[in-house]
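To be precise, the following lines are protein_7.cif, and they hold mmCIF, C-alpha atoms.
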```cif
data_entry
#
loop_
_atom_site.label_atom_id
_atom_site.label_comp_id
_atom_site.auth_asym_id
_atom_site.auth_seq_id
_atom_site.Cartn_x
_atom_site.Cartn_y
_atom_site.Cartn_z
CA MET A 1070 39.19 4.43 -3.07
CA THR A 1071 38.33 1.39 -0.94
CA ASP A 1072 34.75 1.47 -2.24
CA ASP A 1073 35.98 0.96 -5.80
CA GLU A 1074 38.28 -1.80 -4.61
CA ASP A 1075 35.40 -3.48 -2.81
CA VAL A 1076 33.23 -3.29 -5.92
CA LEU A 1077 36.00 -4.77 -8.04
CA ASN A 1078 36.76 -7.46 -5.49
CA GLY A 1079 33.10 -8.40 -5.33
CA HIS A 1080 32.92 -8.95 -9.07
CA LEU A 1081 36.26 -10.74 -9.18
CA GLN A 1082 34.98 -13.11 -6.50
CA GLU A 1083 31.92 -13.88 -8.62
CA LEU A 1084 34.12 -14.56 -11.63
CA ARG A 1085 36.41 -16.85 -9.63
CA ARG A 1086 33.53 -18.79 -8.11
CA GLY A 1087 32.76 -20.62 -11.31
CA THR A 1088 36.30 -21.00 -12.59
CA VAL A 1089 37.68 -22.73 -9.50
CA VAL A 1090 35.78 -25.89 -10.48
CA VAL A 1091 37.41 -25.94 -13.92
CA ALA A 1092 40.84 -25.33 -12.39
CA ALA A 1093 40.37 -28.09 -9.82
CA LEU A 1094 39.15 -30.66 -12.37
CA ALA A 1095 42.02 -29.79 -14.69
CA THR A 1096 44.70 -29.94 -11.99
CA LEU A 1097 43.43 -33.18 -10.48
CA ARG A 1098 44.00 -35.18 -13.64
CA THR A 1099 47.18 -35.80 -11.71
CA PRO A 1100 46.07 -37.17 -8.31
CA GLY A 1101 46.61 -34.72 -5.50
CA TYR A 1102 45.49 -34.02 -1.96
CA GLY A 1103 43.64 -31.01 -0.63
CA TYR A 1104 46.44 -28.85 0.69
CA ALA A 1105 48.77 -29.42 -2.25
CA LEU A 1106 45.95 -28.42 -4.58
CA LEU A 1107 45.42 -25.29 -2.54
CA GLU A 1108 49.06 -24.30 -2.97
CA THR A 1109 49.12 -25.18 -6.70
CA LEU A 1110 46.03 -23.08 -7.35
CA ALA A 1111 47.45 -20.19 -5.32
CA ARG A 1112 50.70 -20.27 -7.30
CA ALA A 1113 48.72 -20.33 -10.58
CA GLY A 1114 46.78 -17.25 -9.51
CA PHE A 1115 43.58 -18.92 -8.33
CA GLY A 1116 43.54 -17.72 -4.75
CA VAL A 1117 40.92 -19.82 -2.99
CA ASP A 1118 40.10 -20.10 0.71
CA ALA A 1119 40.67 -23.46 2.35
CA ASN A 1120 37.15 -23.40 3.79
CA THR A 1121 35.77 -23.02 0.26
CA LEU A 1122 37.99 -25.57 -1.48
CA TYR A 1123 37.55 -28.53 0.86
CA PRO A 1124 33.73 -28.55 0.82
CA LEU A 1125 33.95 -28.04 -2.96
CA LEU A 1126 36.14 -31.12 -3.37
CA ARG A 1127 33.65 -33.13 -1.37
CA ARG A 1128 30.77 -31.84 -3.46
CA LEU A 1129 32.55 -32.82 -6.67
CA GLU A 1130 33.26 -36.25 -5.19
CA LYS A 1131 29.58 -36.65 -4.33
CA GLN A 1132 28.66 -35.66 -7.89
CA GLY A 1133 30.99 -38.35 -9.21
CA LEU A 1134 33.38 -35.95 -10.91
CA LEU A 1135 36.26 -36.85 -8.57
CA GLU A 1136 37.43 -40.16 -7.20
CA ALA A 1137 38.94 -40.21 -3.72
CA GLU A 1138 41.35 -42.61 -2.04
CA TRP A 1139 43.11 -42.54 1.32
CA ASN A 1140 46.85 -42.79 1.05
CA THR A 1141 48.27 -44.34 4.24
CA GLU A 1142 51.87 -44.80 3.04
CA GLU A 1143 53.29 -41.73 4.68
CA SER A 1144 53.22 -40.83 8.37
CA ARG A 1145 50.28 -38.52 7.83
CA PRO A 1146 47.37 -40.23 6.04
CA ARG A 1147 46.08 -38.06 3.24
CA LYS A 1148 42.99 -38.17 1.05
CA PHE A 1149 43.96 -38.09 -2.61
CA TYR A 1150 41.50 -36.86 -5.23
CA ARG A 1151 41.60 -37.65 -8.91
CA THR A 1152 39.42 -36.54 -11.82
CA SER A 1153 37.09 -39.38 -12.78
CA PRO A 1154 36.03 -40.21 -16.38
CA ALA A 1155 32.77 -38.38 -15.78
CA GLY A 1156 34.86 -35.50 -14.46
CA GLU A 1157 36.91 -35.52 -17.65
CA ASP A 1158 33.74 -35.19 -19.73
CA VAL A 1159 32.45 -32.31 -17.64
CA LEU A 1160 35.86 -30.64 -17.80
CA ALA A 1161 35.89 -30.86 -21.60
CA ALA A 1162 32.38 -29.42 -21.79
CA LEU A 1163 33.27 -26.58 -19.41
CA ARG A 1164 36.37 -25.69 -21.41
CA THR A 1165 34.42 -25.67 -24.68
CA ASP A 1166 31.92 -23.33 -23.06
CA TRP A 1167 34.77 -21.18 -21.78
CA ARG A 1168 36.24 -20.80 -25.26
CA SER A 1169 32.91 -19.87 -26.81
CA LEU A 1170 32.29 -17.36 -24.02
CA ASP A 1171 35.69 -15.82 -24.65
CA ALA A 1172 34.98 -15.56 -28.38
CA ALA A 1173 31.53 -14.08 -27.74
CA ILE A 1174 32.93 -11.43 -25.43
CA ASN A 1175 35.56 -10.53 -27.98
CA ASP A 1176 32.81 -10.15 -30.56
CA LEU A 1177 30.73 -8.02 -28.22
CA SER A 1178 33.53 -5.69 -27.17
CA MET B 877 44.15 -32.41 27.31
CA THR B 878 42.19 -31.38 24.27
CA SER B 879 44.04 -29.04 21.99
CA LEU B 880 42.55 -26.15 20.06
CA THR B 881 42.57 -28.32 16.95
CA ASP B 882 40.66 -31.11 18.67
CA ARG B 883 38.01 -28.69 19.83
CA TYR B 884 37.73 -27.09 16.39
CA VAL B 885 37.41 -30.41 14.58
CA HIS B 886 34.87 -31.62 17.10
CA ALA B 887 32.81 -28.41 16.71
CA THR B 888 32.80 -28.82 12.93
CA VAL B 889 31.97 -32.49 12.60
CA ARG B 890 29.21 -32.60 15.18
CA GLY B 891 26.98 -30.81 12.66
CA LEU B 892 27.46 -33.54 10.07
CA ASP B 893 25.89 -36.89 9.28
CA GLU B 894 27.25 -40.00 10.99
CA GLY B 895 28.50 -41.34 7.66
CA GLN B 896 30.50 -38.29 6.77
CA ARG B 897 32.07 -37.73 10.16
CA PRO B 898 35.15 -39.98 10.35
CA ASP B 899 36.22 -39.08 6.83
CA VAL B 900 35.86 -35.34 7.26
CA GLU B 901 37.48 -35.46 10.69
CA GLN B 902 40.57 -37.22 9.42
CA GLU B 903 40.89 -34.97 6.38
CA LEU B 904 40.37 -31.83 8.39
CA ARG B 905 43.05 -32.80 10.94
CA GLY B 906 45.47 -33.49 8.13
CA THR B 907 44.69 -30.16 6.51
CA ILE B 908 45.17 -28.20 9.71
CA GLU B 909 48.51 -29.87 10.30
CA ASP B 910 49.63 -29.16 6.73
CA MET B 911 48.63 -25.50 7.08
CA VAL B 912 50.39 -25.19 10.45
CA ASP B 913 53.58 -26.68 8.97
CA ALA B 914 53.41 -24.23 6.07
CA ARG B 915 53.10 -21.31 8.46
CA LEU B 916 55.96 -22.52 10.62
CA GLU B 917 58.14 -22.74 7.51
CA ALA B 918 57.06 -19.24 6.55
CA GLY B 919 58.29 -18.00 9.92
CA ALA B 920 55.54 -18.20 12.52
CA PRO B 921 56.90 -17.68 16.06
CA SER B 922 55.47 -20.87 17.62
CA ARG B 923 53.20 -23.82 17.00
CA GLU B 924 50.45 -22.36 19.15
CA VAL B 925 50.44 -19.08 17.25
CA ALA B 926 50.48 -20.91 13.91
CA GLU B 927 47.66 -23.20 15.05
CA ARG B 928 45.56 -20.25 16.15
CA ASP B 929 46.12 -18.38 12.89
CA VAL B 930 45.17 -21.44 10.86
CA LEU B 931 41.92 -21.88 12.75
CA VAL B 932 41.11 -18.20 12.25
CA GLU B 933 41.74 -18.65 8.55
CA LEU B 934 39.44 -21.66 8.40
CA GLY B 935 36.71 -19.63 10.09
CA ASP B 936 33.52 -20.36 12.00
CA PRO B 937 33.11 -24.16 12.37
CA MET B 938 29.38 -23.76 11.82
CA ARG B 939 30.01 -22.25 8.39
CA LEU B 940 32.54 -24.93 7.51
CA ALA B 941 30.13 -27.66 8.55
CA ALA B 942 27.37 -26.05 6.48
CA GLY B 943 29.71 -26.05 3.49
CA TYR B 944 30.35 -29.78 3.99
CA SER B 945 26.74 -30.79 4.58
CA GLY B 946 25.11 -28.38 2.15
CA SER B 947 22.46 -27.32 4.64
CA PRO B 948 21.19 -23.74 4.37
CA LEU B 949 22.54 -21.04 6.69
CA HIS B 950 19.14 -19.34 6.92
CA LEU B 951 15.80 -20.04 8.57
CA ILE B 952 13.58 -19.20 5.59
CA GLY B 953 15.32 -18.60 2.29
CA PRO B 954 14.52 -16.64 -0.85
CA ALA B 955 12.51 -19.54 -2.26
CA TYR B 956 9.80 -19.32 0.38
CA PHE B 957 10.19 -15.87 1.92
CA PRO B 958 7.55 -14.03 -0.18
CA GLN B 959 4.89 -16.63 0.58
CA TRP B 960 5.78 -16.60 4.26
CA ARG B 961 5.52 -12.86 4.39
CA ARG B 962 2.15 -12.75 2.56
CA LEU B 963 0.68 -15.43 4.80
CA VAL B 964 1.85 -13.81 8.02
CA THR B 965 0.52 -10.39 6.96
CA LEU B 966 -2.81 -11.91 5.99
CA LEU B 967 -3.20 -13.86 9.23
CA LEU B 968 -2.18 -10.94 11.42
CA SER B 969 -4.57 -8.53 9.73
CA ILE B 970 -7.53 -10.93 10.07
CA VAL B 971 -7.08 -12.97 13.23
CA VAL B 972 -5.64 -10.40 15.64
CA PRO B 973 -8.45 -7.81 15.29
CA ILE B 974 -11.12 -10.50 15.61
CA VAL B 975 -9.58 -11.98 18.74
CA ALA B 976 -8.96 -8.56 20.30
CA GLY B 977 -12.52 -7.51 19.50
CA ILE B 978 -14.02 -10.62 21.09
CA VAL B 979 -11.96 -10.19 24.25
CA LEU B 980 -12.92 -6.54 24.45
CA VAL B 981 -16.63 -7.29 24.11
CA VAL B 982 -16.47 -10.04 26.69
CA ARG B 983 -14.64 -7.86 29.18
CA LEU B 984 -16.94 -4.91 28.69
CA PHE B 985 -20.26 -6.70 28.69
CA VAL B 986 -19.95 -9.98 30.48
CA GLU B 987 -17.70 -9.14 33.37
CA ASP B 988 -18.43 -6.73 36.18
CA SER B 989 -17.50 -3.23 35.17
CA SER B 990 -16.77 -0.04 36.98
CA ALA B 991 -15.20 3.16 35.70
CA GLY B 992 -11.65 1.97 36.39
CA SER B 993 -12.05 -1.33 34.66
CA VAL B 994 -12.56 0.18 31.20
CA GLY B 995 -8.81 0.65 31.14
CA THR B 996 -8.16 -2.93 32.17
CA ALA B 997 -10.62 -4.18 29.55
CA PHE B 998 -8.63 -2.44 26.83
CA GLY B 999 -5.35 -3.43 28.44
CA GLY B 1000 -6.44 -7.06 28.56
CA ALA B 1001 -7.51 -6.98 24.92
CA ALA B 1002 -4.15 -5.47 23.94
CA VAL B 1003 -2.22 -8.18 25.80
CA VAL B 1004 -4.27 -10.93 24.16
CA ALA B 1005 -3.74 -9.28 20.77
CA LEU B 1006 0.03 -9.26 21.35
CA HIS B 1007 0.08 -12.94 22.40
CA THR B 1008 -1.99 -13.92 19.37
CA ALA B 1009 0.31 -12.02 17.02
CA VAL B 1010 3.42 -13.63 18.51
CA HIS B 1011 1.94 -17.12 18.23
CA ILE B 1012 0.87 -16.57 14.63
CA ILE B 1013 4.34 -15.41 13.64
CA CYS B 1014 6.08 -18.19 15.60
CA TRP B 1015 4.11 -21.16 14.25
CA THR B 1016 3.98 -19.90 10.67
CA THR B 1017 7.77 -19.47 10.76
CA VAL B 1018 8.27 -22.96 12.18
CA VAL B 1019 6.11 -24.52 9.48
CA PHE B 1020 7.94 -22.71 6.70
CA ALA B 1021 11.36 -23.54 8.17
CA VAL B 1022 10.38 -27.21 8.14
CA ILE B 1023 9.09 -26.98 4.55
CA GLU B 1024 12.35 -25.35 3.50
CA ARG B 1025 14.40 -28.20 4.93
CA SER B 1026 12.26 -31.09 3.80
CA GLU B 1027 13.02 -32.83 0.56
CA PRO B 1028 11.89 -32.78 -2.13
CA ALA B 1029 11.64 -29.02 -2.19
CA GLY B 1030 8.35 -28.31 -3.89
CA GLU B 1031 6.72 -25.22 -5.31
CA LEU B 1032 4.27 -23.59 -2.94
CA GLY B 1033 2.20 -22.33 -5.83
CA ALA B 1034 3.79 -20.09 -8.41
CA TRP B 1035 2.96 -16.45 -8.47
CA ASN B 1036 0.49 -15.17 -11.05
CA PRO B 1037 -0.95 -11.70 -11.72
CA ASP B 1038 -4.17 -12.56 -9.88
CA GLN B 1039 -2.25 -12.11 -6.65
CA LEU B 1040 -1.51 -8.45 -7.30
CA PRO B 1041 -2.96 -6.08 -4.71
CA GLU B 1042 -5.85 -3.87 -5.80
CA PRO B 1043 -4.96 -0.70 -7.61
CA THR B 1044 -4.90 2.39 -5.41
CA ALA B 1045 -4.43 4.82 -8.24
CA GLY B 1046 -7.41 7.03 -8.85
CA ARG B 1047 -8.75 6.27 -5.41
CA GLN B 1048 -9.71 9.37 -3.53
CA VAL B 1049 -10.85 7.54 -0.41
CA GLY B 1050 -8.32 4.92 0.69
CA LEU B 1051 -8.89 1.69 2.56
CA GLY B 1052 -7.33 3.04 5.75
CA GLU B 1053 -9.66 5.97 5.81
CA SER B 1054 -12.80 3.92 5.21
CA VAL B 1055 -11.80 1.41 7.85
CA THR B 1056 -11.13 4.18 10.37
CA ALA B 1057 -14.51 5.78 9.74
CA ALA B 1058 -16.28 2.43 10.02
CA VAL B 1059 -14.43 1.54 13.21
CA MET B 1060 -15.35 4.87 14.80
CA ILE B 1061 -19.03 4.38 14.02
CA LEU B 1062 -18.96 0.84 15.40
CA PHE B 1063 -17.17 2.15 18.46
CA THR B 1064 -19.93 4.69 19.04
CA VAL B 1065 -22.58 1.98 18.76
CA LEU B 1066 -20.60 -0.21 21.14
CA ALA B 1067 -20.23 2.62 23.63
CA VAL B 1068 -23.94 3.42 23.54
CA VAL B 1069 -24.95 -0.18 24.11
CA TRP B 1070 -22.32 -0.68 26.78
CA GLN B 1071 -23.29 2.28 28.89
CA GLN B 1072 -26.81 0.87 29.03
CA VAL B 1073 -26.08 -2.80 29.54
CA ASN B 1074 -23.11 -2.58 31.88
CA PRO B 1075 -23.00 1.01 33.03
CA PRO B 1076 -19.84 2.36 34.58
CA VAL B 1077 -21.55 4.85 36.87
CA ARG B 1078 -22.79 3.77 40.25
CA VAL B 1079 -25.25 5.76 42.34
CA ASP B 1080 -26.07 4.47 45.79
CA GLY B 1081 -24.73 1.11 44.84
CA GLU B 1082 -26.90 0.77 41.74
CA SER B 1083 -25.59 1.16 38.23
CA VAL B 1084 -27.02 4.09 36.37
CA PRO B 1085 -26.72 4.63 32.63
CA VAL B 1086 -25.54 7.97 31.31
CA LEU B 1087 -28.18 8.33 28.64
CA ASP B 1088 -31.85 8.22 29.50
CA ALA B 1089 -32.98 4.61 29.75
CA GLY B 1090 -36.41 5.62 28.46
CA LEU B 1091 -34.86 6.36 25.08
CA TRP B 1092 -34.59 2.65 24.44
CA SER B 1093 -38.31 2.39 23.84
CA GLY B 1094 -38.13 4.67 20.82
CA TRP B 1095 -35.57 7.26 19.92
CA MET B 1096 -32.45 5.25 20.67
CA TRP B 1097 -33.35 2.84 17.89
CA VAL B 1098 -33.70 5.81 15.54
CA LEU B 1099 -30.24 6.99 16.55
CA LEU B 1100 -28.77 3.51 16.06
CA ALA B 1101 -30.48 3.26 12.68
CA LEU B 1102 -28.96 6.59 11.67
CA LEU B 1103 -25.52 5.37 12.77
CA GLY B 1104 -26.15 2.32 10.60
CA GLY B 1105 -26.99 4.71 7.77
CA GLN B 1106 -23.66 6.46 8.25
CA LEU B 1107 -21.93 3.08 8.08
CA LEU B 1108 -23.73 2.37 4.82
CA VAL B 1109 -22.56 5.68 3.38
CA VAL B 1110 -18.96 4.87 4.36
CA TRP B 1111 -19.23 1.51 2.60
CA LEU B 1112 -20.78 3.02 -0.55
CA VAL B 1113 -18.09 5.70 -0.69
CA HIS B 1114 -15.43 3.00 -0.41
CA ARG B 1115 -17.04 1.08 -3.24
CA ALA B 1116 -17.25 4.18 -5.41
CA ARG B 1117 -13.69 5.13 -4.46
CA ARG B 1118 -14.59 8.81 -4.19
CA TRP B 1119 -17.20 11.19 -2.86
CA THR B 1120 -19.87 11.89 -5.47
CA VAL B 1121 -22.56 14.55 -5.16
CA ALA B 1122 -25.22 11.92 -4.58
CA LEU B 1123 -23.26 10.21 -1.80
CA ALA B 1124 -22.37 13.51 -0.19
CA ALA B 1125 -26.01 14.55 -0.23
CA ALA B 1126 -27.04 11.23 1.32
CA GLY B 1127 -24.36 11.66 3.98
CA LEU B 1128 -25.59 15.18 4.66
CA VAL B 1129 -29.18 14.00 5.14
CA VAL B 1130 -28.14 11.27 7.58
CA ASP B 1131 -25.88 13.64 9.52
CA LEU B 1132 -28.56 16.32 9.77
CA ALA B 1133 -31.14 13.80 10.93
CA PHE B 1134 -28.73 12.48 13.54
CA ALA B 1135 -27.98 15.99 14.80
CA ALA B 1136 -31.64 16.96 14.81
CA VAL B 1137 -32.63 13.96 16.91
CA ILE B 1138 -29.86 14.52 19.46
CA VAL B 1139 -30.42 18.24 19.75
CA GLY B 1140 -34.15 17.70 20.02
CA LEU B 1141 -33.73 15.17 22.81
CA VAL B 1142 -31.26 17.35 24.67
CA LEU B 1143 -33.54 20.38 24.52
CA ALA B 1144 -36.48 18.30 25.72
CA ASP B 1145 -34.36 17.10 28.65
CA ARG B 1146 -34.75 13.51 27.53
CA PHE B 1147 -31.19 12.77 26.44
CA PHE B 1148 -29.33 12.32 29.69
CA ASP B 1149 -30.62 10.08 32.43
CA GLY B 1150 -32.34 12.04 35.22
CA VAL B 1151 -30.75 10.01 38.05
CA PHE B 1152 -27.33 10.42 36.48
CA VAL B 1153 -27.68 14.20 36.16
CA GLU B 1154 -28.98 14.47 39.70
CA ALA B 1155 -26.07 12.47 41.06
CA VAL B 1156 -23.55 14.56 39.19
CA THR B 1157 -25.21 17.80 40.38
CA ARG B 1158 -25.17 16.59 43.96
CA ALA B 1159 -21.53 15.62 43.66
CA GLY B 1160 -20.58 19.23 43.09
CA TRP B 1161 -21.07 20.12 39.45
CA GLU B 1162 -24.00 22.43 40.07
CA SER B 1163 -24.91 23.51 36.60
CA ALA B 1164 -24.47 20.00 35.28
CA ALA B 1165 -27.77 19.81 33.45
CA ARG B 1166 -27.22 23.00 31.53
CA ASP B 1167 -23.51 22.40 30.88
CA LEU B 1168 -24.06 18.90 29.59
CA ALA B 1169 -26.78 20.16 27.27
CA TYR B 1170 -24.63 22.95 25.85
CA ALA B 1171 -21.60 20.72 25.49
CA THR B 1172 -23.52 18.04 23.65
CA VAL B 1173 -25.27 20.39 21.23
CA LEU B 1174 -22.05 22.28 20.56
CA SER B 1175 -19.97 19.18 19.87
CA VAL B 1176 -22.61 17.67 17.60
CA VAL B 1177 -22.83 20.89 15.57
CA VAL B 1178 -19.06 21.31 15.32
CA ILE B 1179 -18.51 17.72 14.24
CA ILE B 1180 -21.25 17.84 11.61
CA VAL B 1181 -20.06 21.13 10.17
CA TRP B 1182 -16.45 19.99 10.04
CA ASP B 1183 -17.41 16.71 8.42
CA GLN B 1184 -19.56 18.35 5.80
CA ILE B 1185 -16.96 20.95 4.87
CA ASP B 1186 -14.43 18.17 4.34
CA THR B 1187 -16.88 16.09 2.31
CA TRP B 1188 -17.99 18.86 -0.02
CA ARG B 1189 -14.39 19.87 -0.56
CA ARG B 1190 -13.71 16.30 -1.70
CA VAL B 1191 -16.70 16.38 -4.00
CA ARG B 1192 -15.41 19.59 -5.60
CA ALA B 1193 -11.92 18.07 -6.01
CA GLY B 1194 -13.20 14.75 -7.39
#
```
Step by step, read the file and then write its structure as structure tokens.
Amino acid sequence: MTDDEDVLNGHLQELRRGTVVVAALATLRTPGYGYALLETLARAGFGVDANTLYPLLRRLEKQGLLEAEWNTEESRPRKFYRTSPAGEDVLAALRTDWRSLDAAINDLS
Amino acid sequence: MTSLTDRYVHATVRGLDEGQRPDVEQELRGTIEDMVDARLEAGAPSREVAERDVLVELGDPMRLAAGYSGSPLHLIGPAYFPQWRRLVTLLLSIVVPIVAGIVLVVRLFVEDSSAGSVGTAFGGAAVVALHTAVHIICWTTVVFAVIERSEPAGELGAWNPDQLPEPTAGRQVGLGESVTAAVMILFTVLAVVWQQVNPPVRVDGESVPVLDAGLWSGWMWVLLALLGGQLLVVWLVHRARRWTVALAAAGLVVDLAFAAVIVGLVLADRFFDGVFVEAVTRAGWESAARDLAYATVLSVVVIIVWDQIDTWRRVRAG
């Protein structure tokens, strides 16, 4: 039984790998910091490892899809990310692609 | 006192660029603290236990750092592996035999030899071959690892069908077999020349060849020419990919001539060196002359017959 589970988990992981980016860009239209995003995604069903999410956020920042700012108001300084205008464009494109993929799969099934 | 967190953060950020470091360090510390707080709220027994669990969850700092910096977690990746492998195989199959062969020849012919040093000659050649192989693999790997990590990543020449290995279908006589036969013939030639030039046997302090030294003024060259003929047959068979009747007949003629010459020389007592036979007889092997003669004739006949049976069977099958 565990073999089947492993196979399923492997494919689920592949599916999640691409969608985490969409979820992050969508969620960060409201500025948020790393750990809060982690919890939000977990609650929404996008279980992601911390050691995957943090490098991903940095990658998106480097690509210009996220803007980052250090918030020093509270006792613990936190880095807040926010979807940039370029990020908004990419998000829209990804969601369009997502919808057409969904339609295509419905047609194929 | 450095805490577990300090050590973890330090281990992660030391693999990163100078520019990235302060930022990542601060964010990572904040993250770890947030995660520890969450675990404490969820009921972890103590801060130390929570801290340890969090670090386990974050995983190997080397992996985390690689995720941040984007550097590959492999020495040679899928982009360059096939080329690396082809190059290493090519170099090993060409350079190592040449180097080993040169060392072997030098040790056998140039240096002082006695019966025991044949072993060391081969041993020395084997050691040199091993060193050469290790160096080839090491430096090729280093070069490719550097290429992999240098930017911009370029194409090392795209694959095209010209690089396909030769077809082995329909080939009755494979490359391995031809090479083995050729190597054995060359070995025989080498052995014959060696026992004359740098003989292993010593009688009364002087080196004595096994085969009659007088042969070198005539018949030995015939024998060597016939060995060369056998080599030619091996090459032609490899070219033709199978044994044909013509090639088998040619091989038969060369083999018979070779056998005839050897048997003739043995029967005329001109094959083995007189001094050598005398020395061996004196050392205790009393019927040496007769035994050597029988043994030689018998082995030549057996080998020829065996070889020919095999060849003509192939001709029938092909």
*I need the residue set behind the PyMOL selection byres ((chain B) within 9 of (chain A)) for this file; please write it as a list in words.*
Asp899, Gln902, Glu903, Leu904, Gly906, Thr907, Asp910, Met911, Glu933, Leu934, Gly935, Arg939, Leu940, Ala941, Ala942, Gly943, Tyr944, Ser945 and Gly946 of chain B
Contacts of stretch 1052-1063 of chain B within 9 Å, all atoms listed in the file, excl. fewer than 6 positions in-chain, as a short mmCIF file (atom, residue, chain, number, x, y, z; two decimals) with C-alpha atoms, in the coordinates of the input:
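Printed below is out.cif as written:
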```cif
data_model
loop_
_atom_site.label_atom_id
_atom_site.label_comp_id
_atom_site.auth_asym_id
_atom_site.auth_seq_id
_atom_site.Cartn_x
_atom_site.Cartn_y
_atom_site.Cartn_z
CA LEU B 1103 -25.52 5.37 12.77
CA GLY B 1104 -26.15 2.32 10.60
CA GLN B 1106 -23.66 6.46 8.25
CA LEU B 1107 -21.93 3.08 8.08
CA VAL B 1110 -18.96 4.87 4.36
CA TRP B 1111 -19.23 1.51 2.60
CA VAL B 1113 -18.09 5.70 -0.69
CA HIS B 1114 -15.43 3.00 -0.41
#
```
*For A:Glu1108, which of A:Gly1133, A:Thr1096, A:Glu1074, A:Asp1176 is the closest residue, counting all atoms listed in the file?*
A:Thr1096
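When only C-alpha atoms are used to compute distances to B:His950, the closest of the residues B:Asp1183, B:Asp893, B:Asp1131, B:Glu1024 turns out to be B:Glu1024.
Distance-wise, atom CA of A:Gly1087 and atom CA of A:Asp1072 end up 24.0 Å apart.
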Could you tell me which residues the PyMOL selection byres ((chain B and resi 1142) around 10) returns for this structure, as a PDB file with C-alpha atoms, keeping the file's coordinate frame?
```
ATOM      1  CA  ALA B1136     -31.640  16.960  14.810  1.00  0.00           C
ATOM      2  CA  VAL B1137     -32.630  13.960  16.910  1.00  0.00           C
ATOM      3  CA  ILE B1138     -29.860  14.520  19.460  1.00  0.00           C
ATOM      4  CA  VAL B1139     -30.420  18.240  19.750  1.00  0.00           C
ATOM      5  CA  GLY B1140     -34.150  17.700  20.020  1.00  0.00           C
ATOM      6  CA  LEU B1141     -33.730  15.170  22.810  1.00  0.00           C
ATOM      7  CA  LEU B1143     -33.540  20.380  24.520  1.00  0.00           C
ATOM      8  CA  ALA B1144     -36.480  18.300  25.720  1.00  0.00           C
ATOM      9  CA  ASP B1145     -34.360  17.100  28.650  1.00  0.00           C
ATOM     10  CA  ARG B1146     -34.750  13.510  27.530  1.00  0.00           C
ATOM     11  CA  PHE B1147     -31.190  12.770  26.440  1.00  0.00           C
ATOM     12  CA  PHE B1148     -29.330  12.320  29.690  1.00  0.00           C
ATOM     13  CA  ALA B1165     -27.770  19.810  33.450  1.00  0.00           C
ATOM     14  CA  ARG B1166     -27.220  23.000  31.530  1.00  0.00           C
ATOM     15  CA  LEU B1168     -24.060  18.900  29.590  1.00  0.00           C
ATOM     16  CA  ALA B1169     -26.780  20.160  27.270  1.00  0.00           C
ATOM     17  CA  TYR B1170     -24.630  22.950  25.850  1.00  0.00           C
ATOM     18  CA  THR B1172     -23.520  18.040  23.650  1.00  0.00           C
ATOM     19  CA  VAL B1173     -25.270  20.390  21.230  1.00  0.00           C
TER      20      VAL B1173
END
```
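From atom CA of B:Gly1050 back to atom CA of B:Ile1180, the distance works out to 21.3 Å.
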*Quick one: which residues end up in the PyMOL selection byres ((chain A and resi 1135) around 7) for this structure, as number ranges by chain?*
A: 1129-1130, 1133-1134, 1136-1137, 1150-1153, 1156
*Quick one: of B:Trp960, B:Trp1188, B:Trp1161, B:Trp1095, who's nearest to B:Ala1125, counting all atoms listed in the file?*
B:Trp1188
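Across the structure, atom CA of B:Val1084 and atom CA of B:Leu984 are spaced 15.5 Å apart.
Residues in contact with B:Val1129 at up to 12 Å, not including ones fewer than 2 positions away on its chain and judged by all atoms listed in the file, are Leu1102, Gly1105, Gln1106, Val1109, Ala1122, Leu1123, Ala1124, Ala1125, Ala1126, Gly1127, Asp1131, Leu1132, Ala1133, Phe1134, Ala1135, Ala1136, Ile1180 and Gln1184 of chain B.
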Find the smallest box with edges along x, y and z containing every listed atom of stretch 1089-1096 of chain A, then add 3 Å on each side and report centre and edge lengths in Å to one decimal, as lines of an AutoDock Vina configuration file.
```
center_x = 40.2
center_y = -26.7
center_z = -12.1
size_x = 14.9
size_y = 13.9
size_z = 11.2
```
*Exercise: residues within 9 Å of coordinate (38.0, -25.0, -7.8), counting all atoms listed in the file, as a VMD selection string*: chain A and resid 1085 to 1094 1110 1115 1117 1121 to 1122 1125 to 1126
Can you pull out every residue within 12 Å of B:Leu880, counting all atoms listed in the file, but drop anything in the same chain fewer than 2 positions away, and send it as a compact mmCIF listing (two decimals) with C-alpha atoms, keeping the file's coordinate frame?
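Result written to selection_21.txt:
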```txt
# COMPACT_ATOMS: atom_id res chain seq x y z
CA MET B 877 44.15 -32.41 27.31
CA THR B 878 42.19 -31.38 24.27
CA ASP B 882 40.66 -31.11 18.67
CA ARG B 883 38.01 -28.69 19.83
CA TYR B 884 37.73 -27.09 16.39
CA VAL B 885 37.41 -30.41 14.58
CA HIS B 886 34.87 -31.62 17.10
CA ALA B 887 32.81 -28.41 16.71
CA ARG B 905 43.05 -32.80 10.94
CA ILE B 908 45.17 -28.20 9.71
CA ARG B 923 53.20 -23.82 17.00
CA GLU B 924 50.45 -22.36 19.15
CA VAL B 925 50.44 -19.08 17.25
CA ALA B 926 50.48 -20.91 13.91
CA GLU B 927 47.66 -23.20 15.05
CA ARG B 928 45.56 -20.25 16.15
CA ASP B 929 46.12 -18.38 12.89
CA VAL B 930 45.17 -21.44 10.86
CA LEU B 931 41.92 -21.88 12.75
CA VAL B 932 41.11 -18.20 12.25
```
